[in-house]
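Taking it in order: structure first as structure tokens, then the write-up.
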Amino acid sequence: RVMRDQHNILHDAVAAFGVHVGPGFGKGQPYPTGNAFFRHGPMLAAAGEFDITVTGHGTHGAAPHSGVDPIVCGAAIVQSLQQIVSRRTDPLDAAVVTVGTFHSGVAHNVIPSTATLSGTFRALKHETFERLEANIESVARHAAAAHDCKMDIHFHHDTAYPPTVLDEGATAAVRGAAEKLLAGYSTVGEMTAPIMGAEDFSFIAESVPSTFVFVGTANATLENAAFVNHHPRFVVDPEALPVAAALHVSAFYALSSAHQEGTLGEGSNPSSNGGKERKDEL
């Protein structure tokens, strides 16, 4: 976002292409080494983070009636947040609310004064993402009030990501080039479903017609190659790197041709484009 908005790197851009490597995501579709997987439309989710501080009244663990327990309140908030997806969101509209940290207290026999929680929320649509944020604050505030606690919440808007939404024309052009490039060497396929991870390439895709490819690194003969991205034991199969490099080159020519032919779109959010006039440069 800083590169796009403050350094204006997209002023002359007509299209963009990105590569991500990995063996797959979670227990979903595996990505064998060197295979390339495309998808147009939503590929990755919008993502935001929140911090919640619950304030009660500390007391001795033997006399809970003389205080207000922020741990019990925090636990109720965690439980209530789970109902945002299960009871407030259309089951066909992908969304995630996850509490990743919960800290409170330093002694086994003392009820502390505060508890802190933090988490992430994600969606494939802008409107769902905004609704999740409003619901998180409302649910947490009402749960805290029900337990006679004070609740403060902070959303990290400066580090939030929009969804990664990819242009159909750009994707078709680069996928076609990839199929010719990799014929007889590896497979070009379709991602079976979006991923609820997030990607900073999304800021680029908002501004110019873009496409993105996952290049597989899953190799059963390579130690630790099955561990997913961000796992401490994750490794990249080096055999995937020449494929990724070659795709960058072929994407340049494919997108250049698509631009000349007028088959590219406008980016998933054209109003975010800092350089309103796109020149004939890639």
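If you're wondering about the labels, chains in the structure tokens are A, B, ... by order shown, residues count from 1 in each chain, ligands from 1 in order shown.
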Hey, what's within 6 Å of range 54-66 of chain A if we count only C-alpha atoms and toss same-chain stuff fewer than 3 positions away? As an MDAnalysis selection string, please?
chainID A and resid 69:70 109:115 149:151
Assign secondary structure with DSSP using the backbone only, and return the residues of range 52-265 of chain A in strand (DSSP E) as an MDAnalysis selection string.
chainID A and resid 52:55 59:60 95:103 110:111 114:123 150:155 164:166 188:190 210:216
Closest-contact table, range 127-231 of chain A side, partner range 11-35 of chain A, 9 Å, counting only C-alpha atoms, as JSON lines:
{"residue": "A:Ala170", "atom": "CA", "partner": "A:Ala15", "partner_atom": "CA", "distance": 7.6}
{"residue": "A:Val174", "atom": "CA", "partner": "A:Phe17", "partner_atom": "CA", "distance": 8.6}
{"residue": "A:Leu182", "atom": "CA", "partner": "A:Asn35", "partner_atom": "CA", "distance": 8.5}
{"residue": "A:Tyr185", "atom": "CA", "partner": "A:Gly34", "partner_atom": "CA", "distance": 8.3}
{"residue": "A:Ser186", "atom": "CA", "partner": "A:Asn35", "partner_atom": "CA", "distance": 5.3}
{"residue": "A:Thr187", "atom": "CA", "partner": "A:Asn35", "partner_atom": "CA", "distance": 4.9}
{"residue": "A:Val188", "atom": "CA", "partner": "A:Asn35", "partner_atom": "CA", "distance": 5.9}
{"residue": "A:Gly189", "atom": "CA", "partner": "A:Asn35", "partner_atom": "CA", "distance": 7.5}
{"residue": "A:Met191", "atom": "CA", "partner": "A:Gln29", "partner_atom": "CA", "distance": 7.8}
{"residue": "A:Thr192", "atom": "CA", "partner": "A:Gln29", "partner_atom": "CA", "distance": 7.3}
{"residue": "A:Ala193", "atom": "CA", "partner": "A:Gln29", "partner_atom": "CA", "distance": 8.7}
{"residue": "A:Ile195", "atom": "CA", "partner": "A:Phe25", "partner_atom": "CA", "distance": 7.5}
{"residue": "A:Gly197", "atom": "CA", "partner": "A:Phe25", "partner_atom": "CA", "distance": 8.7}
{"residue": "A:Phe201", "atom": "CA", "partner": "A:Gly18", "partner_atom": "CA", "distance": 7.2}
{"residue": "A:Ile204", "atom": "CA", "partner": "A:Ala16", "partner_atom": "CA", "distance": 7.2}
{"residue": "A:Ala205", "atom": "CA", "partner": "A:Ala16", "partner_atom": "CA", "distance": 7.3}
{"residue": "A:Ser207", "atom": "CA", "partner": "A:Ala15", "partner_atom": "CA", "distance": 8.9}
{"residue": "A:Val208", "atom": "CA", "partner": "A:Ala15", "partner_atom": "CA", "distance": 5.3}
{"residue": "A:Pro209", "atom": "CA", "partner": "A:Ala15", "partner_atom": "CA", "distance": 5.0}
{"residue": "A:Ser210", "atom": "CA", "partner": "A:Ala16", "partner_atom": "CA", "distance": 4.6}
{"residue": "A:Thr211", "atom": "CA", "partner": "A:Phe17", "partner_atom": "CA", "distance": 5.1}
{"residue": "A:Phe212", "atom": "CA", "partner": "A:Gly18", "partner_atom": "CA", "distance": 4.7}
{"residue": "A:Val213", "atom": "CA", "partner": "A:Val19", "partner_atom": "CA", "distance": 5.0}
{"residue": "A:Phe214", "atom": "CA", "partner": "A:His20", "partner_atom": "CA", "distance": 4.8}
{"residue": "A:Val215", "atom": "CA", "partner": "A:Val21", "partner_atom": "CA", "distance": 4.7}
{"residue": "A:Gly216", "atom": "CA", "partner": "A:Tyr31", "partner_atom": "CA", "distance": 4.2}
{"residue": "A:Thr217", "atom": "CA", "partner": "A:Thr33", "partner_atom": "CA", "distance": 4.0}
{"residue": "A:Ala218", "atom": "CA", "partner": "A:Pro23", "partner_atom": "CA", "distance": 4.2}
{"residue": "A:Asn219", "atom": "CA", "partner": "A:Thr33", "partner_atom": "CA", "distance": 5.9}
{"residue": "A:Ala220", "atom": "CA", "partner": "A:Pro32", "partner_atom": "CA", "distance": 8.9}
{"residue": "A:Ala225", "atom": "CA", "partner": "A:Pro23", "partner_atom": "CA", "distance": 7.1}
{"residue": "A:Ala226", "atom": "CA", "partner": "A:Pro23", "partner_atom": "CA", "distance": 6.0}
{"residue": "A:Phe227", "atom": "CA", "partner": "A:Pro23", "partner_atom": "CA", "distance": 7.2}
{"residue": "A:Val228", "atom": "CA", "partner": "A:Pro23", "partner_atom": "CA", "distance": 6.0}
{"residue": "A:Asn229", "atom": "CA", "partner": "A:Gly22", "partner_atom": "CA", "distance": 6.1}
Point-to-point distance in Å for CA of Gly176 in chain A and CA of Ala254 in chain A:
8.3 Å
Ranking A:Arg233, A:Arg131, A:His126, A:His259 by minimum distance to Thr164 in chain A and counting only C-alpha atoms, which one comes first?
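Nearest candidate to Thr164 in chain A out of A:Arg233, A:Arg131, A:His126, A:His259: A:His126.
If only C-alpha atoms are the atoms counted, then among A:Glu49, A:Asp158, A:Asp152, A:Asp167 the closest residue to Phe121 in chain A is A:Glu49.
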Give me the residues near His103 in chain A as a PyMOL selection string, where near means some atom within 10 Å (using only C-alpha atoms) and where sequence neighbours in that chain fewer than 2 positions away do not count.
chain A and resi 53+71+74+101+105-106+114-118
Selection export as a CSV table (one decimal), in the first residue's frame, atoms kept: C-alpha atoms:
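again-v6.csv, written as the output of this step:
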chain,number,residue,atom,x,y,z
A,53,THR,CA,-8.8,-5.1,26.7
A,71,ILE,CA,-11.1,-13.7,32.7
A,74,GLY,CA,-13.0,-12.5,28.3
A,101,THR,CA,-4.1,-14.6,22.0
A,105,GLY,CA,-3.1,-12.8,35.5
A,106,VAL,CA,0.2,-13.8,37.0
A,114,THR,CA,-7.5,-7.0,33.3
A,115,ALA,CA,-7.5,-9.4,30.4
A,116,THR,CA,-6.3,-8.8,26.9
A,117,LEU,CA,-7.4,-10.6,23.7
A,118,SER,CA,-6.3,-10.2,20.1
Using the chain letters and numbers from this document, which residues of range 100-207 of chain A does DSSP assign to alpha helix (DSSP H), as an MDAnalysis selection string?
chainID A and resid 126:146 168:182 201:207
Per-residue nearest contacts of range 17-127 of chain A to range 137-147 of chain A (7 Å; only C-alpha atoms) as CSV:
residue,atom,partner,partner_atom,distance
A:Cys73,CA,A:His147,CA,5.8
A:Ala76,CA,A:Ala143,CA,6.6
A:Ile77,CA,A:Ala140,CA,5.4
A:Ser80,CA,A:Val139,CA,6.7
A:Leu81,CA,A:Val139,CA,6.6
Could you work out how far CA of Glu179 in chain A lies from CA of Ser256 in chain A, giving the answer in Å with one decimal?
17.2 Å
Expressed in Å to a single decimal, how great is the separation between CA of Ala251 in chain A and CA of Val236 in chain A?
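Spanning CA of Ala251 in chain A to CA of Val236 in chain A is a straight-line distance of 22.0 Å.
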